[in-house]
>>> print(open('run_18.pdb').read())   # PDB, C-alpha atoms and all ligand atoms
ATOM      1  CA  MET A   1      26.338  19.084  61.940
ATOM      2  CA  VAL A   2      24.711  16.231  60.024
ATOM      3  CA  PHE A   3      22.794  13.875  62.270
ATOM      4  CA  GLU A   4      23.666  10.303  61.389
ATOM      5  CA  LYS A   5      21.006   7.688  61.905
ATOM      6  CA  ALA A   6      21.588   4.432  63.764
ATOM      7  CA  TYR A   7      19.564   1.238  64.152
ATOM      8  CA  ALA A   8      19.360  -1.523  66.720
ATOM      9  CA  GLY A   9      19.470  -5.207  65.786
ATOM     10  CA  ILE A  10      19.191  -8.396  67.851
ATOM     11  CA  ASP A  11      19.984 -11.931  66.742
ATOM     12  CA  LEU A  12      17.821 -14.039  69.052
ATOM     13  CA  GLY A  13      19.219 -17.577  69.122
ATOM     14  CA  GLY A  14      18.286 -20.650  71.149
ATOM     15  CA  THR A  15      21.366 -20.389  73.401
ATOM     16  CA  LYS A  16      22.517 -16.766  73.129
ATOM     17  CA  MET A  17      21.369 -13.402  71.886
ATOM     18  CA  LEU A  18      23.514 -10.705  70.327
ATOM     19  CA  ALA A  19      22.412  -7.071  70.201
ATOM     20  CA  VAL A  20      24.106  -4.361  68.124
ATOM     21  CA  ILE A  21      23.704  -0.720  67.269
ATOM     22  CA  ALA A  22      24.744  -0.179  63.653
ATOM     23  CA  ASP A  23      24.887   2.797  61.334
ATOM     24  CA  ALA A  24      23.191   2.833  57.932
ATOM     25  CA  GLN A  25      26.292   1.237  56.365
ATOM     26  CA  GLY A  26      26.121  -1.710  58.767
ATOM     27  CA  LYS A  27      29.099  -0.599  60.867
ATOM     28  CA  VAL A  28      28.702  -1.871  64.449
ATOM     29  CA  LEU A  29      28.889   1.032  66.921
ATOM     30  CA  ALA A  30      28.212  -1.001  70.072
ATOM     31  CA  SER A  31      27.255  -4.589  70.907
ATOM     32  CA  GLU A  32      26.272  -6.828  73.818
ATOM     33  CA  GLU A  33      25.853 -10.600  74.067
ATOM     34  CA  GLN A  34      23.834 -12.530  76.655
ATOM     35  CA  PRO A  35      22.683 -16.107  77.175
ATOM     36  CA  THR A  36      19.063 -16.446  75.983
ATOM     37  CA  LEU A  37      17.910 -18.544  78.976
ATOM     38  CA  ALA A  38      14.785 -19.492  77.023
ATOM     39  CA  ASP A  39      13.526 -21.698  79.875
ATOM     40  CA  GLU A  40      12.908 -18.544  81.938
ATOM     41  CA  GLY A  41       9.984 -17.845  79.584
ATOM     42  CA  ALA A  42       9.215 -15.446  76.752
ATOM     43  CA  GLU A  43       8.399 -12.476  79.024
ATOM     44  CA  SER A  44      11.801 -12.670  80.689
ATOM     45  CA  VAL A  45      13.658 -13.049  77.371
ATOM     46  CA  MET A  46      11.843 -10.065  75.835
ATOM     47  CA  SER A  47      12.423  -7.907  78.885
ATOM     48  CA  ARG A  48      16.174  -8.679  78.805
ATOM     49  CA  MET A  49      16.225  -7.948  75.045
ATOM     50  CA  ALA A  50      14.726  -4.514  75.729
ATOM     51  CA  GLY A  51      17.300  -3.991  78.482
ATOM     52  CA  MET A  52      20.184  -4.693  76.094
ATOM     53  CA  VAL A  53      18.853  -2.178  73.576
ATOM     54  CA  ARG A  54      18.403   0.506  76.254
ATOM     55  CA  ARG A  55      21.959   0.009  77.538
ATOM     56  CA  LEU A  56      23.451   0.114  74.037
ATOM     57  CA  ILE A  57      21.563   3.284  73.165
ATOM     58  CA  ALA A  58      22.812   4.925  76.369
ATOM     59  CA  LEU A  59      26.354   3.714  75.636
ATOM     60  CA  GLY A  60      26.455   4.867  72.007
ATOM     61  CA  GLY A  61      24.840   8.227  72.692
ATOM     62  CA  ARG A  62      23.075   8.001  69.335
ATOM     63  CA  GLN A  63      19.426   8.308  68.570
ATOM     64  CA  VAL A  64      18.143   4.975  67.274
ATOM     65  CA  SER A  65      15.413   4.978  64.621
ATOM     66  CA  GLY A  66      14.251   1.366  64.768
ATOM     67  CA  LEU A  67      14.901  -2.169  66.001
ATOM     68  CA  GLY A  68      15.170  -5.321  63.911
ATOM     69  CA  VAL A  69      15.048  -8.784  65.486
ATOM     70  CA  ALA A  70      16.336 -11.914  63.737
ATOM     71  CA  THR A  71      14.936 -15.201  65.040
ATOM     72  CA  ALA A  72      14.413 -18.784  63.939
ATOM     73  CA  GLY A  73      10.895 -20.092  63.474
ATOM     74  CA  THR A  74       7.750 -19.266  61.560
ATOM     75  CA  LEU A  75       6.701 -15.646  61.846
ATOM     76  CA  ASP A  76       3.905 -13.292  61.053
ATOM     77  CA  PRO A  77       5.952 -10.541  59.415
ATOM     78  CA  GLU A  78       3.011  -8.087  59.556
ATOM     79  CA  ASP A  79       2.878  -7.731  63.329
ATOM     80  CA  GLY A  80       6.104  -9.466  64.359
ATOM     81  CA  THR A  81       4.458 -12.429  66.092
ATOM     82  CA  VAL A  82       6.556 -15.573  66.444
ATOM     83  CA  ARG A  83       4.033 -18.261  65.489
ATOM     84  CA  TYR A  84       6.320 -21.142  66.415
ATOM     85  CA  ALA A  85      10.017 -21.341  67.320
ATOM     86  CA  GLY A  86      11.127 -24.807  68.458
ATOM     87  CA  ASN A  87      14.568 -23.644  69.649
ATOM     88  CA  LEU A  88      12.925 -21.156  72.076
ATOM     89  CA  GLY A  89       9.848 -23.234  72.927
ATOM     90  CA  TRP A  90       7.666 -20.319  71.756
ATOM     91  CA  THR A  91       4.142 -20.517  70.303
ATOM     92  CA  GLN A  92       2.287 -17.332  69.324
ATOM     93  CA  VAL A  93       4.576 -14.879  71.117
ATOM     94  CA  PRO A  94       3.872 -11.205  70.244
ATOM     95  CA  LEU A  95       7.595 -10.345  70.038
ATOM     96  CA  GLY A  96       7.337  -7.270  67.801
ATOM     97  CA  ARG A  97       4.409  -5.658  69.639
ATOM     98  CA  THR A  98       5.915  -6.277  73.078
ATOM     99  CA  LEU A  99       9.281  -4.722  72.185
ATOM    100  CA  GLU A 100       7.555  -1.789  70.464
ATOM    101  CA  ARG A 101       5.624  -1.101  73.641
ATOM    102  CA  GLU A 102       8.690  -1.490  75.879
ATOM    103  CA  LEU A 103      11.058   0.619  73.799
ATOM    104  CA  GLY A 104       8.844   3.029  71.869
ATOM    105  CA  LEU A 105      10.661   2.015  68.679
ATOM    106  CA  LYS A 106       9.339   0.586  65.436
ATOM    107  CA  VAL A 107      10.230  -3.135  65.480
ATOM    108  CA  THR A 108      10.769  -5.431  62.490
ATOM    109  CA  VAL A 109      10.949  -9.203  63.074
ATOM    110  CA  GLU A 110      12.750 -11.313  60.500
ATOM    111  CA  ASN A 111      13.771 -14.949  59.960
ATOM    112  CA  ASP A 112      17.402 -15.275  61.137
ATOM    113  CA  ALA A 113      18.928 -16.687  57.949
ATOM    114  CA  ASN A 114      17.078 -14.079  55.900
ATOM    115  CA  ALA A 115      18.346 -11.283  58.142
ATOM    116  CA  ALA A 116      21.901 -12.584  57.732
ATOM    117  CA  ALA A 117      21.360 -12.714  53.958
ATOM    118  CA  TYR A 118      20.209  -9.101  53.987
ATOM    119  CA  GLY A 119      23.176  -8.058  56.132
ATOM    120  CA  GLU A 120      25.709  -9.764  53.858
ATOM    121  CA  TRP A 121      24.048  -8.235  50.813
ATOM    122  CA  LYS A 122      23.842  -4.698  52.175
ATOM    123  CA  ALA A 123      27.020  -4.459  54.218
ATOM    124  CA  GLY A 124      29.125  -7.576  53.549
ATOM    125  CA  ALA A 125      30.294  -9.755  50.665
ATOM    126  CA  GLY A 126      27.220  -9.015  48.539
ATOM    127  CA  ARG A 127      27.691  -5.223  48.566
ATOM    128  CA  GLY A 128      27.081  -3.695  45.151
ATOM    129  CA  THR A 129      25.188  -6.671  43.697
ATOM    130  CA  ARG A 130      21.482  -6.646  42.805
ATOM    131  CA  ASN A 131      20.826 -10.398  43.040
ATOM    132  CA  CYS A 132      22.553 -12.356  45.753
ATOM    133  CA  VAL A 133      21.937 -15.654  47.549
ATOM    134  CA  PHE A 134      23.288 -16.338  51.036
ATOM    135  CA  VAL A 135      23.781 -19.932  52.187
ATOM    136  CA  THR A 136      24.949 -20.937  55.634
ATOM    137  CA  VAL A 137      26.224 -24.466  56.276
ATOM    138  CA  SER A 138      26.492 -25.292  59.971
ATOM    139  CA  THR A 139      24.463 -27.750  62.094
ATOM    140  CA  GLY A 140      21.744 -27.294  59.456
ATOM    141  CA  ILE A 141      21.697 -25.444  56.153
ATOM    142  CA  GLY A 142      19.838 -22.150  55.832
ATOM    143  CA  GLY A 143      19.778 -19.248  53.488
ATOM    144  CA  GLY A 144      18.147 -16.196  52.039
ATOM    145  CA  ILE A 145      17.601 -14.636  48.633
ATOM    146  CA  VAL A 146      17.978 -10.952  47.755
ATOM    147  CA  GLU A 147      16.437 -10.044  44.407
ATOM    148  CA  GLY A 148      16.670  -6.560  42.921
ATOM    149  CA  GLY A 149      17.800  -5.174  46.268
ATOM    150  CA  ARG A 150      14.874  -6.688  48.152
ATOM    151  CA  LEU A 151      14.754  -9.736  50.405
ATOM    152  CA  ILE A 152      12.404 -12.491  49.216
ATOM    153  CA  ARG A 153      10.479 -13.049  52.450
ATOM    154  CA  GLY A 154       7.598 -15.314  51.466
ATOM    155  CA  TRP A 155       4.213 -15.834  53.077
ATOM    156  CA  THR A 156       5.476 -16.694  56.582
ATOM    157  CA  ALA A 157       8.839 -14.916  56.194
ATOM    158  CA  SER A 158      10.537 -18.296  55.720
ATOM    159  CA  ALA A 159      11.638 -18.186  52.078
ATOM    160  CA  GLY A 160      15.149 -19.462  51.378
ATOM    161  CA  GLU A 161      14.957 -22.798  53.248
ATOM    162  CA  ILE A 162      17.741 -24.088  51.051
ATOM    163  CA  GLY A 163      18.603 -26.920  53.461
ATOM    164  CA  HIS A 164      15.268 -28.553  52.710
ATOM    165  CA  LEU A 165      15.620 -28.724  48.951
ATOM    166  CA  THR A 166      15.052 -32.384  47.992
ATOM    167  CA  ILE A 167      18.314 -33.944  46.813
ATOM    168  CA  ASP A 168      17.071 -37.569  46.827
ATOM    169  CA  TRP A 169      13.332 -38.144  46.680
ATOM    170  CA  ASN A 170      13.818 -41.633  48.117
ATOM    171  CA  GLY A 171      16.268 -40.446  50.756
ATOM    172  CA  PRO A 172      16.174 -40.731  54.564
ATOM    173  CA  ALA A 173      13.639 -38.856  56.697
ATOM    174  CA  CYS A 174      14.364 -35.248  57.652
ATOM    175  CA  GLY A 175      13.162 -33.517  60.827
ATOM    176  CA  CYS A 176      11.100 -31.174  58.637
ATOM    177  CA  GLY A 177       8.810 -34.023  57.492
ATOM    178  CA  ASN A 178      10.310 -34.365  54.005
ATOM    179  CA  VAL A 179      12.844 -37.026  52.943
ATOM    180  CA  GLY A 180      16.211 -36.640  51.210
ATOM    181  CA  CYS A 181      16.745 -32.948  52.123
ATOM    182  CA  LEU A 182      20.056 -31.257  51.251
ATOM    183  CA  GLU A 183      21.013 -30.765  54.908
ATOM    184  CA  LEU A 184      20.895 -34.552  55.474
ATOM    185  CA  TYR A 185      23.898 -34.794  53.127
ATOM    186  CA  ALA A 186      25.886 -31.591  53.415
ATOM    187  CA  SER A 187      25.385 -29.971  56.847
ATOM    188  CA  GLY A 188      27.969 -30.169  59.612
ATOM    189  CA  THR A 189      25.652 -32.580  61.434
ATOM    190  CA  ALA A 190      25.424 -34.807  58.351
ATOM    191  CA  ILE A 191      29.201 -34.828  57.873
ATOM    192  CA  GLY A 192      29.707 -35.832  61.508
ATOM    193  CA  LYS A 193      27.082 -38.592  61.310
ATOM    194  CA  ALA A 194      28.621 -39.949  58.090
ATOM    195  CA  GLY A 195      32.030 -39.964  59.793
ATOM    196  CA  ALA A 196      30.679 -41.811  62.833
ATOM    197  CA  ALA A 197      28.911 -44.437  60.703
ATOM    198  CA  ALA A 198      31.856 -44.962  58.361
ATOM    199  CA  ALA A 199      34.383 -45.301  61.201
ATOM    200  CA  ALA A 200      32.142 -47.744  63.076
ATOM    201  CA  ALA A 201      31.726 -49.863  59.920
ATOM    202  CA  ASP A 202      35.436 -49.862  59.049
ATOM    203  CA  PRO A 203      37.608 -48.935  62.060
ATOM    204  CA  ALA A 204      40.846 -49.507  60.137
ATOM    205  CA  ALA A 205      39.954 -47.043  57.395
ATOM    206  CA  GLY A 206      38.458 -44.636  59.955
ATOM    207  CA  ARG A 207      41.423 -44.843  62.368
ATOM    208  CA  ALA A 208      42.417 -41.188  61.917
ATOM    209  CA  MET A 209      38.880 -40.015  62.810
ATOM    210  CA  LEU A 210      38.589 -42.485  65.699
ATOM    211  CA  ASP A 211      41.907 -41.378  67.220
ATOM    212  CA  LEU A 212      40.768 -37.753  67.136
ATOM    213  CA  ALA A 213      37.526 -38.743  68.915
ATOM    214  CA  GLY A 214      39.243 -40.686  71.712
ATOM    215  CA  GLY A 215      38.483 -44.039  70.049
ATOM    216  CA  ASP A 216      34.686 -43.598  70.246
ATOM    217  CA  ALA A 217      32.993 -43.525  66.816
ATOM    218  CA  ALA A 218      29.846 -41.959  68.305
ATOM    219  CA  ARG A 219      31.883 -38.898  69.289
ATOM    220  CA  ILE A 220      33.012 -38.131  65.735
ATOM    221  CA  THR A 221      31.712 -34.754  64.511
ATOM    222  CA  SER A 222      32.390 -32.737  61.364
ATOM    223  CA  ARG A 223      35.440 -31.326  63.203
ATOM    224  CA  GLU A 224      37.133 -34.754  63.424
ATOM    225  CA  VAL A 225      36.204 -35.560  59.817
ATOM    226  CA  ALA A 226      37.713 -32.258  58.648
ATOM    227  CA  ALA A 227      40.884 -32.741  60.709
ATOM    228  CA  ALA A 228      41.351 -36.309  59.441
ATOM    229  CA  ALA A 229      40.853 -35.117  55.859
ATOM    230  CA  GLU A 230      43.444 -32.412  56.395
ATOM    231  CA  GLY A 231      45.845 -35.165  57.446
ATOM    232  CA  GLY A 232      45.119 -36.983  54.178
ATOM    233  CA  ASN A 233      42.832 -39.759  55.476
ATOM    234  CA  PRO A 234      41.178 -41.212  52.332
ATOM    235  CA  LEU A 235      37.894 -42.135  54.065
ATOM    236  CA  ALA A 236      37.430 -38.654  55.532
ATOM    237  CA  LEU A 237      38.275 -37.120  52.158
ATOM    238  CA  LYS A 238      35.672 -39.339  50.488
ATOM    239  CA  LEU A 239      32.988 -38.303  53.016
ATOM    240  CA  LEU A 240      33.709 -34.616  52.445
ATOM    241  CA  ARG A 241      33.703 -35.169  48.711
ATOM    242  CA  ASN A 242      30.193 -36.689  48.977
ATOM    243  CA  ALA A 243      28.979 -33.792  51.122
ATOM    244  CA  GLY A 244      30.567 -31.237  48.799
ATOM    245  CA  ARG A 245      28.943 -32.802  45.747
ATOM    246  CA  ALA A 246      25.527 -32.714  47.435
ATOM    247  CA  LEU A 247      26.078 -29.055  48.300
ATOM    248  CA  GLY A 248      27.105 -28.292  44.703
ATOM    249  CA  ALA A 249      23.956 -29.986  43.393
ATOM    250  CA  GLY A 250      21.868 -27.946  45.843
ATOM    251  CA  LEU A 251      23.531 -24.682  44.838
ATOM    252  CA  ALA A 252      22.881 -25.438  41.152
ATOM    253  CA  SER A 253      19.165 -25.799  41.982
ATOM    254  CA  VAL A 254      19.293 -22.510  43.895
ATOM    255  CA  VAL A 255      20.801 -20.779  40.870
ATOM    256  CA  HIS A 256      18.147 -22.293  38.592
ATOM    257  CA  LEU A 257      15.482 -20.908  40.933
ATOM    258  CA  ALA A 258      16.848 -17.460  41.764
ATOM    259  CA  ASN A 259      19.376 -16.635  39.011
ATOM    260  CA  PRO A 260      21.752 -14.737  41.341
ATOM    261  CA  GLU A 261      25.061 -13.168  40.326
ATOM    262  CA  LEU A 262      26.704 -14.076  43.631
ATOM    263  CA  ILE A 263      26.429 -16.841  46.249
ATOM    264  CA  VAL A 264      27.772 -15.979  49.696
ATOM    265  CA  LEU A 265      28.603 -19.282  51.385
ATOM    266  CA  GLY A 266      29.120 -19.161  55.145
ATOM    267  CA  GLY A 267      28.663 -21.124  58.356
ATOM    268  CA  GLY A 268      31.124 -23.224  60.357
ATOM    269  CA  ALA A 269      31.165 -26.198  57.985
ATOM    270  CA  SER A 270      32.003 -23.991  54.995
ATOM    271  CA  LYS A 271      35.357 -23.295  56.732
ATOM    272  CA  ILE A 272      36.390 -26.931  56.107
ATOM    273  CA  GLY A 273      37.880 -25.577  52.884
ATOM    274  CA  ALA A 274      39.171 -27.368  49.795
ATOM    275  CA  PRO A 275      38.203 -31.002  50.643
ATOM    276  CA  LEU A 276      34.551 -29.848  50.803
ATOM    277  CA  LEU A 277      34.527 -26.765  48.562
ATOM    278  CA  GLY A 278      36.528 -28.270  45.675
ATOM    279  CA  PRO A 279      34.040 -31.102  44.968
ATOM    280  CA  MET A 280      31.198 -28.613  45.622
ATOM    281  CA  GLU A 281      32.421 -26.205  42.951
ATOM    282  CA  GLU A 282      33.054 -29.077  40.494
ATOM    283  CA  GLU A 283      29.583 -30.543  40.957
ATOM    284  CA  PHE A 284      28.010 -27.082  40.788
ATOM    285  CA  ARG A 285      29.724 -26.304  37.450
ATOM    286  CA  ARG A 286      28.796 -29.739  36.078
ATOM    287  CA  ARG A 287      25.100 -29.274  36.844
ATOM    288  CA  VAL A 288      24.306 -25.602  36.448
ATOM    289  CA  ILE A 289      22.738 -24.354  33.227
ATOM    290  CA  PRO A 290      25.635 -22.403  31.654
ATOM    291  CA  SER A 291      23.612 -19.289  30.760
ATOM    292  CA  LEU A 292      22.553 -18.959  34.422
ATOM    293  CA  GLY A 293      25.594 -20.229  36.208
ATOM    294  CA  GLU A 294      28.844 -19.763  34.358
ATOM    295  CA  LYS A 295      29.499 -16.279  35.732
ATOM    296  CA  VAL A 296      28.158 -16.917  39.235
ATOM    297  CA  ARG A 297      30.817 -16.410  41.910
ATOM    298  CA  ILE A 298      30.768 -18.344  45.203
ATOM    299  CA  VAL A 299      32.466 -16.303  47.929
ATOM    300  CA  PRO A 300      32.891 -16.386  51.752
ATOM    301  CA  PRO A 301      30.912 -13.947  53.916
ATOM    302  CA  GLU A 302      32.451 -10.775  55.360
ATOM    303  CA  LEU A 303      30.314 -10.082  58.426
ATOM    304  CA  GLY A 304      30.639 -13.469  60.146
ATOM    305  CA  VAL A 305      28.704 -14.156  63.345
ATOM    306  CA  PRO A 306      27.069 -10.685  63.711
ATOM    307  CA  ALA A 307      25.521 -10.910  60.192
ATOM    308  CA  GLY A 308      22.049 -11.712  61.585
ATOM    309  CA  ALA A 309      22.067  -8.833  64.094
ATOM    310  CA  ILE A 310      23.519  -6.355  61.564
ATOM    311  CA  GLY A 311      21.043  -7.474  58.879
ATOM    312  CA  ALA A 312      18.137  -7.133  61.310
ATOM    313  CA  ALA A 313      19.309  -3.608  62.219
ATOM    314  CA  LEU A 314      19.545  -2.638  58.544
ATOM    315  CA  MET A 315      16.042  -4.015  57.914
ATOM    316  CA  ALA A 316      14.756  -1.594  60.541
ATOM    317  CA  GLU A 317      15.969   1.276  58.361
TER     318      GLU A 317
HETATM  319 ZN    ZN B   1      14.073 -31.236  55.514
END
>>> encode(input="run_18.pdb", output="structure tokens", more="lines below")
Ligand SMILES: [Zn+2]
Amino acid sequence: MVFEKAYAGIDLGGTKMLAVIADAQGKVLASEEQPTLADEGAESVMSRMAGMVRRLIALGGRQVSGLGVATAGTLDPEDGTVRYAGNLGWTQVPLGRTLERELGLKVTVENDANAAAYGEWKAGAGRGTRNCVFVTVSTGIGGGIVEGGRLIRGWTASAGEIGHLTIDWNGPACGCGNVGCLELYASGTAIGKAGAAAAAADPAAGRAMLDLAGGDAARITSREVAAAAEGGNPLALKLLRNAGRALGAGLASVVHLANPELIVLGGGASKIGAPLLGPMEEEFRRRVIPSLGEKVRIVPPELGVPAGAIGAALMAE
């Protein structure tokens, strides 16, 4: 009988953590989700992470050859230390070493968007390509670049911060310290803020969005903007067109940098569909250098939410 290898992966998020056991093809054999409860402290979080892996191994009855952890923040990829992760309140946490000691497994720690990029490339929509970029558009915009079958990690394992490409060098301030970043124009957060501002400035034109938000402009999110656009509201459609164009301009810059054959575009906001993606594609085609971009395909992801955990598991291979 051929012994088939399996790997453990955990996507460690600010509010929840998802653990999986996956085979070498990225097929999920078992999974468990838990709230992160970051305010209980790093020791508690790491001990519960180890507990999830132990339970899944027992459940799956498979020998596991390694553990990959996907997390936000700046990392030391050599020893798996989380240098700083704002969403967890962590500074200099020896995540990799601690889990190695607890579980007796080799542990790889990876930036979460990069792990998702690797997962989509190896086991999802990017399967079979050599050069693939993954972009996720949700509250922020993140991403990762696979080149020649290898993830571009960078010095602090943070390469692929596509959301912080400068779109307008005189633009508004971003939380990262730069101004005019892509995610200020095209993220779900940005779309919601634009909807709130536009409806407050012109309640008649923004009526459809206001009605969906119970009459309170401050409660308008990307969801209300998308729903109003679906109903044909011209203001909502205009806002999504602006966001889509910014995203298209950003993707053209990504292609100029990385020269991929495929862009996998995921995240909640990317599900808004044609009112966002149509203008995005148009702007992308208008801006991209034809020899780099004319054959690039932009496709939805296949793995969805578990992409980070699956990618982390596959990186432990
Ligand atoms: Zn920024």
>>> residues_around(input="run_18.pdb", residues="A:Thr166", least_positions_apart="5", cutoff="9 Å", atoms="all atoms listed in the file", output="PDB file with C-alpha atoms, in the frame of the given file")
ATOM      1  CA  GLY A 171      16.268 -40.446  50.756  1.00  0.00           C
ATOM      2  CA  ASN A 178      10.310 -34.365  54.005  1.00  0.00           C
ATOM      3  CA  VAL A 179      12.844 -37.026  52.943  1.00  0.00           C
ATOM      4  CA  GLY A 180      16.211 -36.640  51.210  1.00  0.00           C
ATOM      5  CA  CYS A 181      16.745 -32.948  52.123  1.00  0.00           C
ATOM      6  CA  LEU A 182      20.056 -31.257  51.251  1.00  0.00           C
ATOM      7  CA  GLY A 250      21.868 -27.946  45.843  1.00  0.00           C
TER       8      GLY A 250
END
>>> closest_atom_pairs(input="run_18.pdb", of="chain A", to="ligand ZN 1 (chain B)", cutoff="10 Å", atoms="all atoms listed in the file", output="JSON lines")
{"residue": "A:Gly140", "atom": "CA", "partner": "B:ZN1", "partner_atom": "ZN", "distance": 9.5}
{"residue": "A:Ile141", "atom": "CA", "partner": "B:ZN1", "partner_atom": "ZN", "distance": 9.6}
{"residue": "A:Glu161", "atom": "CA", "partner": "B:ZN1", "partner_atom": "ZN", "distance": 8.8}
{"residue": "A:Ile162", "atom": "CA", "partner": "B:ZN1", "partner_atom": "ZN", "distance": 9.2}
{"residue": "A:Gly163", "atom": "CA", "partner": "B:ZN1", "partner_atom": "ZN", "distance": 6.6}
{"residue": "A:His164", "atom": "CA", "partner": "B:ZN1", "partner_atom": "ZN", "distance": 4.1}
{"residue": "A:Leu165", "atom": "CA", "partner": "B:ZN1", "partner_atom": "ZN", "distance": 7.2}
{"residue": "A:Thr166", "atom": "CA", "partner": "B:ZN1", "partner_atom": "ZN", "distance": 7.7}
{"residue": "A:Pro172", "atom": "CA", "partner": "B:ZN1", "partner_atom": "ZN", "distance": 9.8}
{"residue": "A:Ala173", "atom": "CA", "partner": "B:ZN1", "partner_atom": "ZN", "distance": 7.7}
{"residue": "A:Cys174", "atom": "CA", "partner": "B:ZN1", "partner_atom": "ZN", "distance": 4.6}
{"residue": "A:Gly175", "atom": "CA", "partner": "B:ZN1", "partner_atom": "ZN", "distance": 5.9}
{"residue": "A:Cys176", "atom": "CA", "partner": "B:ZN1", "partner_atom": "ZN", "distance": 4.3}
{"residue": "A:Gly177", "atom": "CA", "partner": "B:ZN1", "partner_atom": "ZN", "distance": 6.3}
{"residue": "A:Asn178", "atom": "CA", "partner": "B:ZN1", "partner_atom": "ZN", "distance": 5.1}
{"residue": "A:Val179", "atom": "CA", "partner": "B:ZN1", "partner_atom": "ZN", "distance": 6.5}
{"residue": "A:Gly180", "atom": "CA", "partner": "B:ZN1", "partner_atom": "ZN", "distance": 7.2}
{"residue": "A:Cys181", "atom": "CA", "partner": "B:ZN1", "partner_atom": "ZN", "distance": 4.6}
{"residue": "A:Leu182", "atom": "CA", "partner": "B:ZN1", "partner_atom": "ZN", "distance": 7.3}
{"residue": "A:Glu183", "atom": "CA", "partner": "B:ZN1", "partner_atom": "ZN", "distance": 7.0}
{"residue": "A:Leu184", "atom": "CA", "partner": "B:ZN1", "partner_atom": "ZN", "distance": 7.6}
>>> residues_around(input="run_18.pdb", residues="stretch 216-229 of chain A", least_positions_apart="2", cutoff="7 Å", atoms="only C-alpha atoms", output="PyMOL selection string")
chain A and resi 188-189+191-193+195-196+199-200+208-210+212-214+231-233+236-237+272
>>> atom_distance(input="run_18.pdb", atom1="atom CA of A:Ala38", atom2="atom CA of A:Ala316")
24.3 Å
>>> atom_distance(input="run_18.pdb", atom1="atom CA of A:Pro300", atom2="atom CA of A:Ala125")
7.2 Å
>>> atom_distance(input="run_18.pdb", atom1="atom CA of A:Gly104", atom2="atom CA of A:Gly51")
12.8 Å
>>> closest_residue(input="run_18.pdb", among="A:Val69, A:Val109, A:Leu18, A:Ala194", to="A:Gly206", atoms="all atoms listed in the file")
A:Ala194
>>> resolve_selection(input="run_18.pdb", expression="the PyMOL selection byres (((chain A and resi 119) around 9) and not hetatm)", output="PyMOL selection string")
chain A and resi 26+114-118+120-124+126+303+306-315
>>> decode(input="run_18.pdb", residues="stretch 16-27 of chain A", atoms="N, CA and C atoms", output="PDB file, in the first residue's frame")
ATOM      1  N   LYS A  16     -11.105  34.763  13.733  1.00  0.00           N
ATOM      2  CA  LYS A  16     -11.225  33.296  13.799  1.00  0.00           C
ATOM      3  C   LYS A  16     -10.008  32.621  13.197  1.00  0.00           C
ATOM      4  N   MET A  17      -9.865  31.343  13.525  1.00  0.00           N
ATOM      5  CA  MET A  17      -8.772  30.571  12.939  1.00  0.00           C
ATOM      6  C   MET A  17      -9.323  29.266  12.386  1.00  0.00           C
ATOM      7  N   LEU A  18      -8.836  28.930  11.203  1.00  0.00           N
ATOM      8  CA  LEU A  18      -9.296  27.734  10.493  1.00  0.00           C
ATOM      9  C   LEU A  18      -8.116  26.790  10.313  1.00  0.00           C
ATOM     10  N   ALA A  19      -8.276  25.559  10.780  1.00  0.00           N
ATOM     11  CA  ALA A  19      -7.223  24.552  10.618  1.00  0.00           C
ATOM     12  C   ALA A  19      -7.696  23.472   9.665  1.00  0.00           C
ATOM     13  N   VAL A  20      -6.808  22.996   8.798  1.00  0.00           N
ATOM     14  CA  VAL A  20      -7.152  21.900   7.882  1.00  0.00           C
ATOM     15  C   VAL A  20      -6.031  20.867   7.859  1.00  0.00           C
ATOM     16  N   ILE A  21      -6.397  19.654   7.493  1.00  0.00           N
ATOM     17  CA  ILE A  21      -5.421  18.663   7.058  1.00  0.00           C
ATOM     18  C   ILE A  21      -5.692  18.479   5.570  1.00  0.00           C
ATOM     19  N   ALA A  22      -4.650  18.617   4.752  1.00  0.00           N
ATOM     20  CA  ALA A  22      -4.828  18.501   3.307  1.00  0.00           C
ATOM     21  C   ALA A  22      -3.828  17.505   2.749  1.00  0.00           C
ATOM     22  N   ASP A  23      -4.197  16.884   1.631  1.00  0.00           N
ATOM     23  CA  ASP A  23      -3.223  16.013   0.964  1.00  0.00           C
ATOM     24  C   ASP A  23      -2.348  16.858   0.037  1.00  0.00           C
ATOM     25  N   ALA A  24      -1.418  16.219  -0.651  1.00  0.00           N
ATOM     26  CA  ALA A  24      -0.447  16.963  -1.453  1.00  0.00           C
ATOM     27  C   ALA A  24      -1.086  17.672  -2.645  1.00  0.00           C
ATOM     28  N   GLN A  25      -2.342  17.309  -2.963  1.00  0.00           N
ATOM     29  CA  GLN A  25      -3.056  17.995  -4.051  1.00  0.00           C
ATOM     30  C   GLN A  25      -3.921  19.142  -3.512  1.00  0.00           C
ATOM     31  N   GLY A  26      -3.884  19.363  -2.211  1.00  0.00           N
ATOM     32  CA  GLY A  26      -4.659  20.449  -1.622  1.00  0.00           C
ATOM     33  C   GLY A  26      -6.087  20.056  -1.280  1.00  0.00           C
ATOM     34  N   LYS A  27      -6.395  18.771  -1.347  1.00  0.00           N
ATOM     35  CA  LYS A  27      -7.745  18.310  -0.978  1.00  0.00           C
ATOM     36  C   LYS A  27      -7.859  18.292   0.545  1.00  0.00           C
TER      37      LYS A  27
END
